[in-house]
Amino acid sequence: MSTTHSKAAKKFLKNKSYAEWHDNTFWGLRVKRDSMAHQLPEWERLREAASGIKRHTLTNIDRYLEQFAEAAEKNGTIVHWAKDAEEMNQTVLSILNDNGVKKIVKSKSMLTEECEMNPYLEEHGIEVVETDLGERILQLDHQRPSHIVVPATHLSHDDVGHIFERELHTDPKNHDPAYLTYEARLSLRDEFLTAGAGLTGANFGIAETGDIVVCTNEGNADMSTSVPKLQISVIGMEKIIPDYDALSVFVRLLARSATGQPSTVYTSHFRKARPGAAPMHIVIVDNGRSDWLADQEHWETLKCIRCGSCMNTCPVYRWSGGYSYSYFIPGPLGVNLGMLRDPRKYAGNVSACTLCLSCQNTCPVKVNLGEQIYLWRQKLDSLGVANKEKKMICSVMDKVLDNPSLYNKLTGCASVINHLPAFMIENGLNPWAYGHKMMKFPPKPFHSLIKEYQKKENDSKDL
């Protein structure tokens with residue numbers, strides 16, 4: 001049974017000042033993205049090139065996966081293949097057990113969130129420490145990310161201060177962000193030094209060279225891979241791109257689209273284990289991606305490079321928050337990925353879209369996210385998850401719009417509603433009234449006004 005996004009969003013909107021802050025925060029990222037895009041005259045050509053590279057690679061993914069694996073193995077890296085989440089988790093656990101590892105430090109990875117790797121490893125006696133600051137905060141407070149790039153933005157510095165007081169025993173009188181960051185760094189330093197393995201995800205995998213490329217702003221991926229004796233990278237098969245020429249396109253788009261930076265602070269390239277360390281391991285994961293690739297209407301979702309720009313611009317995400325979505329990735333991207341994963345379970349998210357298409361207009365690889373959501377909506381009835389109230393309303397509207405005479409009469413007298421007492425309109429029976437004031441209807445509908453205007457034009461010509 002799917003959870004309805006609108007019901008969850010009501011809880012978020014109860015705190016109006018916070019909802020406004022959330023909206024302003026992510027719109028600020030969108031504004032920064034626009035500023036960066038306008039500084040590059042070739043911005044739209046870069047988007048077109050990135051889209052074409054992804055389209056080409058995905059439609060030839062078997063060849064590029066083989067090329068990547070062969071190149072990685074020539075570098076001395078051990079390559080594993082995982083058909084699903086269970087196999088990925090088992091593979092990682094097996095590598096850790098074979099190397100006698102009981103603690104890992106982990107760079108941010110949405111793939112491990114997708115496969116629920118952390119709880120799996122913990123159930124099998126492995127201590128897992130998140131090293132991205134946002135992810136570490138959420139781990140300490142047992143929360144999931146509310147955004148794929150800035151996962152803890154929903155928390156204030158006071159929220160973080162209280163979490164650190166409880167978990168890291170910091171000064172309860174000091175919630176200064178600089179102090180809290182310093183304390184997080186101190187606590188993580190010992191974790192890096194005592195961990196037996198470091199695990200990262202991957203932003204890109206280079207087929208030509210077998211390299212893993214990880215883009216971060218904190219350097220935690222570098223620490224995770226340079227201090228422990230064992231390095232493991234997990235990568236979704238859609239992250240493979242042909243070569244470094246292709247990478248040069250994506251790195252110009254990624255940070256500009258995500259946070260409005262020219263580039264991430266660290267763009268790290270991992271090709272082989274460092275001297276004296278254990279062999280590097282790469283786990284290439286399918287977990288449904290082959291099936292998604294075969295979906296002619298929705299396969300382009302796999303082009304996504306996880307920049308989060310679709311969330312930053314989405315009016316629904318900005319005003320409802322990440323936890324209003326039942327899938328672990330929120331926003332337009334999460335709506336589509338959730339439906340690919342389990343359309344009946346995640347159908348409640350499909351209503352979380354105005355179809356403004358701002359998401360696909362800002363997407364650096366031109367994924368048609370809004371159009372795909374529209375297509376999912378057309379399938380809800382066949383899936384048995386269509387909203388009964390909406391079906392009834394659409395049935396009534398179909399009759400009205402199909403009858404010009406009835407439509408003209410109803411729109412002609414709509415202004416009567418303007419004179420009704422507010423309590424009769426702005427109540428629980430009218431969903432629009434939640435968070436809105438009822439709009440005022442014009443005295444005359446547009447089609448009447450345009451007819452009057454045309455008549456005046458014709459009369460003036462006759463004179």
# chains A, B, ... in the order shown; residues from 1 in each chain; ligands from 1
>>> closest_atom_pairs(of="range 228-324 of chain A", to="range 65-82 of chain A", cutoff="8 Å", atoms="only C-alpha atoms", output="CSV")
residue,atom,partner,partner_atom,distance
A:Met237,CA,A:Leu65,CA,7.4
A:Ile240,CA,A:Leu65,CA,7.1
A:Arg271,CA,A:Asn75,CA,6.7
A:Lys272,CA,A:Asn75,CA,5.8
A:Ala273,CA,A:Thr77,CA,7.3
A:Pro279,CA,A:Thr77,CA,6.1
A:Met280,CA,A:Thr77,CA,5.0
A:His281,CA,A:Ile78,CA,4.8
A:Ile282,CA,A:Val79,CA,4.9
A:Val283,CA,A:His80,CA,4.6
A:Ile284,CA,A:Trp81,CA,5.0
A:Val285,CA,A:Ala82,CA,4.8
A:Asp286,CA,A:Ala82,CA,6.3
A:Asn287,CA,A:Ala82,CA,7.6
>>> select_by_dssp(residues="range 172-262 of chain A", states="helix (DSSP H, G or I)", output="PyMOL selection string")
chain A and resi 177-194+220-226+237-239+244-258
>>> closest_residue(among="A:Thr194, A:Pro145, A:Trp299, A:Thr4", to="Arg344 in chain A", atoms="only C-alpha atoms")
A:Thr4
>>> closest_residue(among="A:Phe441, A:Tyr179, A:Tyr266, A:Tyr325", to="Leu420 in chain A", atoms="only C-alpha atoms")
A:Phe441
>>> select_by_dssp(residues="range 74-176 of chain A", states="strand (DSSP E or B)", output="compact mmCIF listing (two decimals) with N, CA and C atoms, in the first residue's frame")
# COMPACT_ATOMS: atom_id res chain seq x y z
N ILE A 78 40.30 -6.03 -8.07
CA ILE A 78 39.41 -7.21 -8.11
C ILE A 78 37.99 -6.71 -8.36
N VAL A 79 37.37 -7.17 -9.43
CA VAL A 79 36.03 -6.73 -9.83
C VAL A 79 35.00 -7.79 -9.48
N HIS A 80 33.91 -7.36 -8.86
CA HIS A 80 32.80 -8.25 -8.49
C HIS A 80 31.54 -7.76 -9.20
N TRP A 81 30.61 -8.68 -9.46
CA TRP A 81 29.34 -8.34 -10.08
C TRP A 81 28.22 -8.72 -9.13
N ALA A 82 27.27 -7.80 -8.92
CA ALA A 82 26.14 -8.07 -8.02
C ALA A 82 24.84 -7.82 -8.76
N LYS A 103 35.56 -2.88 11.31
CA LYS A 103 35.06 -1.51 11.23
C LYS A 103 35.40 -0.92 9.87
N ILE A 104 34.42 -0.23 9.25
CA ILE A 104 34.69 0.48 8.00
C ILE A 104 34.31 1.94 8.14
N VAL A 105 35.07 2.80 7.47
CA VAL A 105 34.69 4.19 7.30
C VAL A 105 34.14 4.34 5.88
N LYS A 106 33.10 5.13 5.75
CA LYS A 106 32.34 5.13 4.52
C LYS A 106 32.14 6.54 4.00
N GLU A 127 31.09 -2.63 12.29
CA GLU A 127 30.79 -1.25 12.65
C GLU A 127 30.96 -0.37 11.41
N VAL A 128 29.95 0.43 11.11
CA VAL A 128 29.96 1.30 9.93
C VAL A 128 29.93 2.75 10.38
N VAL A 129 30.89 3.54 9.91
CA VAL A 129 30.98 4.95 10.29
C VAL A 129 30.86 5.82 9.04
N GLU A 130 29.82 6.63 8.97
CA GLU A 130 29.67 7.58 7.87
C GLU A 130 30.65 8.73 8.09
>>> atom_distance(atom1="CA of Met397 in chain A", atom2="CA of Met439 in chain A")
19.0 Å
>>> closest_residue(among="A:Ser358, A:Gln39, A:Asn174, A:Ser233", to="Asp211 in chain A", atoms="only C-alpha atoms")
A:Ser233
>>> residues_around(residues="Ile425 in chain A", least_positions_apart="2", cutoff="12 Å", atoms="only C-alpha atoms", output="PyMOL selection string")
chain A and resi 416-423+427-434+436-440
>>> closest_atom_pairs(of="range 23-107 of chain A", to="range 303-310 of chain A", cutoff="9 Å", atoms="only C-alpha atoms", output="tab-separated table")
residue	atom	partner	partner_atom	distance
A:Leu29	CA	A:Ser309	CA	8.1
A:Arg30	CA	A:Ser309	CA	7.0
A:Arg33	CA	A:Ser309	CA	8.1
A:Ala50	CA	A:Lys303	CA	8.9
A:Ser51	CA	A:Lys303	CA	7.2
A:Lys54	CA	A:Lys303	CA	5.5
A:Arg55	CA	A:Lys303	CA	7.0
A:Leu58	CA	A:Lys303	CA	7.8
>>> residues_around(residues="range 386-394 of chain A", least_positions_apart="2", cutoff="10 Å", atoms="only C-alpha atoms", output="PyMOL selection string")
chain A and resi 4+344+347-348+351+377-384+396-400
>>> write_last_selection(atoms="all heavy atoms", output="short mmCIF file (atom, residue, chain, number, x, y, z; two decimals), in the first residue's frame")
data_model
loop_
_atom_site.label_atom_id
_atom_site.label_comp_id
_atom_site.auth_asym_id
_atom_site.auth_seq_id
_atom_site.Cartn_x
_atom_site.Cartn_y
_atom_site.Cartn_z
N THR A 4 0.53 8.28 0.78
CA THR A 4 0.22 9.46 -0.01
C THR A 4 1.11 10.62 0.38
O THR A 4 1.20 10.99 1.55
CB THR A 4 -1.26 9.85 0.18
OG1 THR A 4 -2.07 8.73 -0.15
CG2 THR A 4 -1.63 11.00 -0.73
N ARG A 344 3.40 -0.01 -7.29
CA ARG A 344 2.27 -0.03 -6.37
C ARG A 344 2.65 0.53 -4.99
O ARG A 344 1.88 1.25 -4.37
CB ARG A 344 1.73 -1.46 -6.23
CG ARG A 344 0.97 -1.92 -7.47
CD ARG A 344 0.40 -3.32 -7.32
NE ARG A 344 -0.41 -3.67 -8.48
CZ ARG A 344 0.07 -4.14 -9.61
NH1 ARG A 344 1.39 -4.34 -9.74
NH2 ARG A 344 -0.73 -4.43 -10.61
N ALA A 347 3.37 4.58 -5.51
CA ALA A 347 2.46 5.37 -6.34
C ALA A 347 1.99 6.63 -5.65
O ALA A 347 1.62 7.61 -6.31
CB ALA A 347 1.25 4.52 -6.74
N GLY A 348 2.02 6.65 -4.33
CA GLY A 348 1.58 7.83 -3.59
C GLY A 348 2.43 9.05 -3.82
O GLY A 348 2.03 10.17 -3.47
N SER A 351 1.65 12.07 -7.22
CA SER A 351 0.88 13.32 -7.15
C SER A 351 1.77 14.51 -6.80
O SER A 351 1.35 15.67 -6.94
CB SER A 351 -0.23 13.20 -6.11
OG SER A 351 0.32 12.99 -4.82
N ARG A 377 1.38 8.70 -14.27
CA ARG A 377 0.01 9.02 -13.85
C ARG A 377 -1.03 8.32 -14.73
O ARG A 377 -2.09 7.93 -14.25
CB ARG A 377 -0.21 10.53 -13.89
CG ARG A 377 0.47 11.27 -12.75
CD ARG A 377 0.15 12.76 -12.79
NE ARG A 377 0.78 13.45 -11.68
CZ ARG A 377 0.69 14.76 -11.48
NH1 ARG A 377 -0.02 15.51 -12.33
NH2 ARG A 377 1.29 15.33 -10.44
N GLN A 378 -0.71 8.17 -16.00
CA GLN A 378 -1.65 7.52 -16.91
C GLN A 378 -1.78 6.03 -16.62
O GLN A 378 -2.74 5.38 -17.06
CB GLN A 378 -1.21 7.72 -18.37
CG GLN A 378 -0.87 9.15 -18.76
CD GLN A 378 -1.90 10.16 -18.29
OE1 GLN A 378 -3.07 10.04 -18.60
NE2 GLN A 378 -1.45 11.14 -17.51
N LYS A 379 -0.83 5.48 -15.86
CA LYS A 379 -0.84 4.04 -15.58
C LYS A 379 -1.44 3.69 -14.22
O LYS A 379 -1.60 2.51 -13.91
CB LYS A 379 0.60 3.50 -15.64
CG LYS A 379 1.27 3.64 -16.99
CD LYS A 379 2.71 3.15 -16.94
CE LYS A 379 3.42 3.33 -18.27
NZ LYS A 379 4.84 2.92 -18.21
N LEU A 380 -1.75 4.69 -13.42
CA LEU A 380 -2.20 4.42 -12.06
C LEU A 380 -3.47 3.58 -12.02
O LEU A 380 -3.61 2.69 -11.18
CB LEU A 380 -2.42 5.74 -11.31
CG LEU A 380 -1.16 6.57 -11.04
CD1 LEU A 380 -1.53 7.85 -10.30
CD2 LEU A 380 -0.13 5.77 -10.25
N ASP A 381 -4.38 3.86 -12.94
CA ASP A 381 -5.64 3.11 -12.94
C ASP A 381 -5.40 1.64 -13.26
O ASP A 381 -5.94 0.74 -12.61
CB ASP A 381 -6.62 3.72 -13.95
CG ASP A 381 -8.06 3.33 -13.66
OD1 ASP A 381 -8.35 2.98 -12.49
OD2 ASP A 381 -8.89 3.39 -14.58
N SER A 382 -4.55 1.36 -14.25
CA SER A 382 -4.26 -0.02 -14.62
C SER A 382 -3.49 -0.76 -13.53
O SER A 382 -3.57 -1.98 -13.42
CB SER A 382 -3.46 -0.07 -15.93
OG SER A 382 -2.19 0.56 -15.78
N LEU A 383 -2.77 0.00 -12.70
CA LEU A 383 -2.05 -0.60 -11.57
C LEU A 383 -2.95 -0.80 -10.37
O LEU A 383 -2.54 -1.42 -9.38
CB LEU A 383 -0.87 0.28 -11.18
CG LEU A 383 0.29 0.39 -12.17
CD1 LEU A 383 1.24 1.52 -11.77
CD2 LEU A 383 1.04 -0.93 -12.25
N GLY A 384 -4.16 -0.25 -10.43
CA GLY A 384 -5.09 -0.39 -9.32
C GLY A 384 -4.81 0.53 -8.16
O GLY A 384 -5.26 0.28 -7.03
N VAL A 396 -16.29 13.95 -13.89
CA VAL A 396 -17.20 15.09 -13.95
C VAL A 396 -16.65 16.16 -14.89
O VAL A 396 -17.39 16.70 -15.74
CB VAL A 396 -17.42 15.66 -12.54
CG1 VAL A 396 -18.21 16.98 -12.63
CG2 VAL A 396 -18.15 14.67 -11.66
N MET A 397 -15.35 16.46 -14.76
CA MET A 397 -14.74 17.49 -15.60
C MET A 397 -14.77 17.08 -17.07
O MET A 397 -14.91 17.93 -17.96
CB MET A 397 -13.30 17.74 -15.16
CG MET A 397 -13.18 18.49 -13.84
SD MET A 397 -14.05 20.08 -13.87
CE MET A 397 -13.19 20.91 -15.19
N ASP A 398 -14.64 15.79 -17.33
CA ASP A 398 -14.69 15.31 -18.71
C ASP A 398 -16.05 15.63 -19.34
O ASP A 398 -16.14 16.07 -20.49
CB ASP A 398 -14.44 13.79 -18.72
CG ASP A 398 -14.38 13.24 -20.14
OD1 ASP A 398 -13.60 13.76 -20.95
OD2 ASP A 398 -15.12 12.28 -20.43
N LYS A 399 -17.10 15.45 -18.55
CA LYS A 399 -18.46 15.75 -19.06
C LYS A 399 -18.65 17.25 -19.27
O LYS A 399 -19.25 17.69 -20.25
CB LYS A 399 -19.51 15.20 -18.09
CG LYS A 399 -19.62 13.68 -18.08
CD LYS A 399 -20.68 13.21 -17.10
CE LYS A 399 -20.94 11.72 -17.23
NZ LYS A 399 -19.75 10.90 -16.99
N VAL A 400 -18.09 18.05 -18.32
CA VAL A 400 -18.23 19.51 -18.44
C VAL A 400 -17.47 20.03 -19.65
O VAL A 400 -17.99 20.81 -20.45
CB VAL A 400 -17.74 20.19 -17.15
CG1 VAL A 400 -17.66 21.71 -17.33
CG2 VAL A 400 -18.64 19.85 -15.98
#
>>> residues_around(residues="Gln139 in chain A", least_positions_apart="3", cutoff="12 Å", atoms="only C-alpha atoms", output="list of chain:residue names")
A:Lys106, A:Lys108, A:Glu113, A:Asn118, A:Pro119, A:Val128, A:Val129, A:Glu130, A:Thr131, A:Asp132, A:Leu133, A:Gly134, A:Glu135, A:Arg136, A:His142, A:Gln143, A:Arg144, A:Pro145, A:Pro151, A:Ala152, A:Val160, A:Ile163, A:Phe164, A:Glu167
>>> closest_residue(among="A:Gly236, A:Pro315, A:Pro262, A:Gly288", to="Leu340 in chain A", atoms="only C-alpha atoms")
A:Gly288
>>> closest_residue(among="A:Asn408, A:Ser257, A:Asn349, A:Asn15", to="Cys363 in chain A", atoms="only C-alpha atoms")
A:Ser257
>>> residues_around(residues="Thr313 in chain A", least_positions_apart="2", cutoff="12 Å", atoms="only C-alpha atoms", output="PDB file with N, CA and C atoms, in the first residue's frame")
ATOM      1  N   HIS A  22      12.955  26.333   4.222  1.00  0.00           N
ATOM      2  CA  HIS A  22      13.331  25.211   3.351  1.00  0.00           C
ATOM      3  C   HIS A  22      13.222  25.622   1.892  1.00  0.00           C
ATOM      4  N   ASP A  23      12.136  26.282   1.562  1.00  0.00           N
ATOM      5  CA  ASP A  23      11.932  26.750   0.187  1.00  0.00           C
ATOM      6  C   ASP A  23      13.034  27.724  -0.225  1.00  0.00           C
ATOM      7  N   ASN A  24      13.338  28.690   0.631  1.00  0.00           N
ATOM      8  CA  ASN A  24      14.355  29.684   0.311  1.00  0.00           C
ATOM      9  C   ASN A  24      15.740  29.061   0.178  1.00  0.00           C
ATOM     10  N   THR A  25      16.026  28.078   1.031  1.00  0.00           N
ATOM     11  CA  THR A  25      17.336  27.430   1.000  1.00  0.00           C
ATOM     12  C   THR A  25      17.593  26.766  -0.342  1.00  0.00           C
ATOM     13  N   PHE A  26      16.638  25.977  -0.797  1.00  0.00           N
ATOM     14  CA  PHE A  26      16.858  25.237  -2.035  1.00  0.00           C
ATOM     15  C   PHE A  26      16.663  26.110  -3.271  1.00  0.00           C
ATOM     16  N   TRP A  27      15.819  27.123  -3.166  1.00  0.00           N
ATOM     17  CA  TRP A  27      15.737  28.067  -4.288  1.00  0.00           C
ATOM     18  C   TRP A  27      17.053  28.825  -4.417  1.00  0.00           C
ATOM     19  N   GLY A  28      17.723  29.056  -3.295  1.00  0.00           N
ATOM     20  CA  GLY A  28      19.038  29.689  -3.342  1.00  0.00           C
ATOM     21  C   GLY A  28      20.037  28.861  -4.130  1.00  0.00           C
ATOM     22  N   LEU A  29      19.984  27.539  -3.977  1.00  0.00           N
ATOM     23  CA  LEU A  29      20.853  26.666  -4.768  1.00  0.00           C
ATOM     24  C   LEU A  29      20.498  26.734  -6.247  1.00  0.00           C
ATOM     25  N   ARG A  30      19.210  26.835  -6.528  1.00  0.00           N
ATOM     26  CA  ARG A  30      18.774  26.957  -7.932  1.00  0.00           C
ATOM     27  C   ARG A  30      19.296  28.268  -8.535  1.00  0.00           C
ATOM     28  N   VAL A  31      19.242  29.355  -7.768  1.00  0.00           N
ATOM     29  CA  VAL A  31      19.723  30.646  -8.256  1.00  0.00           C
ATOM     30  C   VAL A  31      21.226  30.577  -8.535  1.00  0.00           C
ATOM     31  N   LYS A  32      21.968  29.923  -7.636  1.00  0.00           N
ATOM     32  CA  LYS A  32      23.409  29.767  -7.853  1.00  0.00           C
ATOM     33  C   LYS A  32      23.673  28.945  -9.110  1.00  0.00           C
ATOM     34  N   ARG A  33      22.882  27.922  -9.314  1.00  0.00           N
ATOM     35  CA  ARG A  33      23.022  27.097 -10.522  1.00  0.00           C
ATOM     36  C   ARG A  33      22.818  27.951 -11.766  1.00  0.00           C
ATOM     37  N   ASP A  34      21.786  28.786 -11.755  1.00  0.00           N
ATOM     38  CA  ASP A  34      21.505  29.635 -12.911  1.00  0.00           C
ATOM     39  C   ASP A  34      22.647  30.606 -13.171  1.00  0.00           C
ATOM     40  N   SER A 257      25.496  22.428 -11.352  1.00  0.00           N
ATOM     41  CA  SER A 257      24.079  22.085 -11.258  1.00  0.00           C
ATOM     42  C   SER A 257      23.659  21.778  -9.828  1.00  0.00           C
ATOM     43  N   ALA A 258      24.575  21.228  -9.045  1.00  0.00           N
ATOM     44  CA  ALA A 258      24.232  20.755  -7.704  1.00  0.00           C
ATOM     45  C   ALA A 258      24.215  21.873  -6.675  1.00  0.00           C
ATOM     46  N   THR A 259      25.317  22.599  -6.575  1.00  0.00           N
ATOM     47  CA  THR A 259      25.473  23.583  -5.501  1.00  0.00           C
ATOM     48  C   THR A 259      25.902  24.963  -5.993  1.00  0.00           C
ATOM     49  N   CYS A 307      22.913  15.039  -9.250  1.00  0.00           N
ATOM     50  CA  CYS A 307      23.319  16.388  -8.849  1.00  0.00           C
ATOM     51  C   CYS A 307      22.305  17.030  -7.911  1.00  0.00           C
ATOM     52  N   GLY A 308      21.048  16.579  -7.956  1.00  0.00           N
ATOM     53  CA  GLY A 308      20.013  17.128  -7.094  1.00  0.00           C
ATOM     54  C   GLY A 308      19.369  18.403  -7.594  1.00  0.00           C
ATOM     55  N   SER A 309      19.717  18.855  -8.795  1.00  0.00           N
ATOM     56  CA  SER A 309      19.154  20.121  -9.285  1.00  0.00           C
ATOM     57  C   SER A 309      17.644  20.035  -9.467  1.00  0.00           C
ATOM     58  N   CYS A 310      17.133  18.852  -9.783  1.00  0.00           N
ATOM     59  CA  CYS A 310      15.688  18.699  -9.955  1.00  0.00           C
ATOM     60  C   CYS A 310      14.953  18.949  -8.641  1.00  0.00           C
ATOM     61  N   MET A 311      15.575  18.571  -7.511  1.00  0.00           N
ATOM     62  CA  MET A 311      14.965  18.808  -6.204  1.00  0.00           C
ATOM     63  C   MET A 311      15.036  20.286  -5.835  1.00  0.00           C
ATOM     64  N   PRO A 315       9.044  23.004  -6.997  1.00  0.00           N
ATOM     65  CA  PRO A 315       8.238  23.715  -5.991  1.00  0.00           C
ATOM     66  C   PRO A 315       7.597  22.777  -4.982  1.00  0.00           C
ATOM     67  N   VAL A 316       7.299  21.550  -5.402  1.00  0.00           N
ATOM     68  CA  VAL A 316       6.674  20.595  -4.484  1.00  0.00           C
ATOM     69  C   VAL A 316       7.683  20.120  -3.448  1.00  0.00           C
ATOM     70  N   TYR A 317       8.876  19.740  -3.894  1.00  0.00           N
ATOM     71  CA  TYR A 317       9.904  19.313  -2.937  1.00  0.00           C
ATOM     72  C   TYR A 317      10.241  20.441  -1.971  1.00  0.00           C
ATOM     73  N   ARG A 318      10.404  21.642  -2.496  1.00  0.00           N
ATOM     74  CA  ARG A 318      10.827  22.753  -1.648  1.00  0.00           C
ATOM     75  C   ARG A 318       9.799  23.062  -0.566  1.00  0.00           C
ATOM     76  N   TRP A 319       8.523  22.826  -0.873  1.00  0.00           N
ATOM     77  CA  TRP A 319       7.469  23.149   0.086  1.00  0.00           C
ATOM     78  C   TRP A 319       6.920  21.929   0.821  1.00  0.00           C
ATOM     79  N   GLY A 331      11.859  14.102  -4.293  1.00  0.00           N
ATOM     80  CA  GLY A 331      11.816  14.973  -5.460  1.00  0.00           C
ATOM     81  C   GLY A 331      11.459  14.255  -6.748  1.00  0.00           C
ATOM     82  N   PRO A 332      11.547  14.964  -7.873  1.00  0.00           N
ATOM     83  CA  PRO A 332      11.178  14.384  -9.170  1.00  0.00           C
ATOM     84  C   PRO A 332      11.943  13.104  -9.497  1.00  0.00           C
ATOM     85  N   LEU A 333      13.243  13.088  -9.198  1.00  0.00           N
ATOM     86  CA  LEU A 333      14.033  11.881  -9.453  1.00  0.00           C
ATOM     87  C   LEU A 333      13.503  10.711  -8.641  1.00  0.00           C
ATOM     88  N   CYS A 353       3.792  16.529  -8.001  1.00  0.00           N
ATOM     89  CA  CYS A 353       4.342  17.162  -9.199  1.00  0.00           C
ATOM     90  C   CYS A 353       3.307  18.104  -9.780  1.00  0.00           C
ATOM     91  N   THR A 354       3.738  19.310 -10.117  1.00  0.00           N
ATOM     92  CA  THR A 354       2.840  20.280 -10.759  1.00  0.00           C
ATOM     93  C   THR A 354       2.900  20.180 -12.285  1.00  0.00           C
ATOM     94  N   CYS A 356       5.254  21.324 -13.992  1.00  0.00           N
ATOM     95  CA  CYS A 356       5.819  22.579 -14.493  1.00  0.00           C
ATOM     96  C   CYS A 356       7.044  22.334 -15.378  1.00  0.00           C
ATOM     97  N   LEU A 357       7.633  21.131 -15.257  1.00  0.00           N
ATOM     98  CA  LEU A 357       8.786  20.683 -16.049  1.00  0.00           C
ATOM     99  C   LEU A 357      10.064  21.461 -15.753  1.00  0.00           C
ATOM    100  N   SER A 358      10.086  22.188 -14.647  1.00  0.00           N
ATOM    101  CA  SER A 358      11.308  22.893 -14.272  1.00  0.00           C
ATOM    102  C   SER A 358      12.448  21.917 -14.022  1.00  0.00           C
ATOM    103  N   CYS A 359      12.115  20.728 -13.512  1.00  0.00           N
ATOM    104  CA  CYS A 359      13.142  19.722 -13.220  1.00  0.00           C
ATOM    105  C   CYS A 359      13.913  19.325 -14.478  1.00  0.00           C
ATOM    106  N   GLN A 360      13.207  19.043 -15.548  1.00  0.00           N
ATOM    107  CA  GLN A 360      13.912  18.606 -16.746  1.00  0.00           C
ATOM    108  C   GLN A 360      14.546  19.770 -17.506  1.00  0.00           C
ATOM    109  N   ASN A 361      14.068  20.979 -17.253  1.00  0.00           N
ATOM    110  CA  ASN A 361      14.694  22.141 -17.883  1.00  0.00           C
ATOM    111  C   ASN A 361      16.015  22.511 -17.218  1.00  0.00           C
ATOM    112  N   THR A 362      16.220  22.075 -15.971  1.00  0.00           N
ATOM    113  CA  THR A 362      17.486  22.348 -15.292  1.00  0.00           C
ATOM    114  C   THR A 362      18.400  21.124 -15.265  1.00  0.00           C
ATOM    115  N   CYS A 363      17.885  19.951 -15.563  1.00  0.00           N
ATOM    116  CA  CYS A 363      18.687  18.725 -15.488  1.00  0.00           C
ATOM    117  C   CYS A 363      19.892  18.810 -16.420  1.00  0.00           C
TER     118      CYS A 363
END
>>> decode(residues="range 133-144 of chain A", atoms="N, CA, C and O atoms", output="mmCIF file, in the first residue's frame")
data_model
loop_
_atom_site.group_PDB
_atom_site.id
_atom_site.type_symbol
_atom_site.label_atom_id
_atom_site.label_comp_id
_atom_site.auth_asym_id
_atom_site.auth_seq_id
_atom_site.Cartn_x
_atom_site.Cartn_y
_atom_site.Cartn_z
ATOM 1 N N LEU A 133 29.919 14.773 6.539
ATOM 2 C CA LEU A 133 29.396 15.421 7.735
ATOM 3 C C LEU A 133 27.878 15.299 7.831
ATOM 4 O O LEU A 133 27.333 14.960 8.890
ATOM 5 N N GLY A 134 27.186 15.576 6.717
ATOM 6 C CA GLY A 134 25.734 15.469 6.744
ATOM 7 C C GLY A 134 25.275 14.059 7.062
ATOM 8 O O GLY A 134 24.378 13.841 7.889
ATOM 9 N N GLU A 135 25.882 13.077 6.410
ATOM 10 C CA GLU A 135 25.519 11.680 6.645
ATOM 11 C C GLU A 135 25.871 11.250 8.074
ATOM 12 O O GLU A 135 25.146 10.458 8.692
ATOM 13 N N ARG A 136 26.990 11.762 8.602
ATOM 14 C CA ARG A 136 27.382 11.422 9.969
ATOM 15 C C ARG A 136 26.366 11.950 10.969
ATOM 16 O O ARG A 136 25.985 11.257 11.931
ATOM 17 N N ILE A 137 25.914 13.179 10.772
ATOM 18 C CA ILE A 137 24.889 13.755 11.647
ATOM 19 C C ILE A 137 23.640 12.885 11.635
ATOM 20 O O ILE A 137 23.075 12.558 12.692
ATOM 21 N N LEU A 138 23.202 12.504 10.444
ATOM 22 C CA LEU A 138 21.995 11.691 10.320
ATOM 23 C C LEU A 138 22.192 10.310 10.930
ATOM 24 O O LEU A 138 21.270 9.749 11.540
ATOM 25 N N GLN A 139 23.378 9.734 10.757
ATOM 26 C CA GLN A 139 23.650 8.424 11.344
ATOM 27 C C GLN A 139 23.558 8.485 12.866
ATOM 28 O O GLN A 139 22.976 7.592 13.497
ATOM 29 N N LEU A 140 24.117 9.535 13.449
ATOM 30 C CA LEU A 140 24.075 9.679 14.907
ATOM 31 C C LEU A 140 22.646 9.841 15.409
ATOM 32 O O LEU A 140 22.334 9.457 16.540
ATOM 33 N N ASP A 141 21.785 10.423 14.582
ATOM 34 C CA ASP A 141 20.402 10.667 14.994
ATOM 35 C C ASP A 141 19.431 9.642 14.404
ATOM 36 O O ASP A 141 18.217 9.803 14.526
ATOM 37 N N HIS A 142 19.957 8.629 13.727
ATOM 38 C CA HIS A 142 19.145 7.542 13.158
ATOM 39 C C HIS A 142 18.083 8.070 12.189
ATOM 40 O O HIS A 142 16.914 7.687 12.225
ATOM 41 N N GLN A 143 18.502 8.972 11.308
ATOM 42 C CA GLN A 143 17.630 9.508 10.273
ATOM 43 C C GLN A 143 18.173 9.125 8.905
ATOM 44 O O GLN A 143 19.345 8.783 8.759
ATOM 45 N N ARG A 144 17.309 9.219 7.903
ATOM 46 C CA ARG A 144 17.746 9.008 6.524
ATOM 47 C C ARG A 144 17.917 10.358 5.841
ATOM 48 O O ARG A 144 17.395 11.374 6.317
#
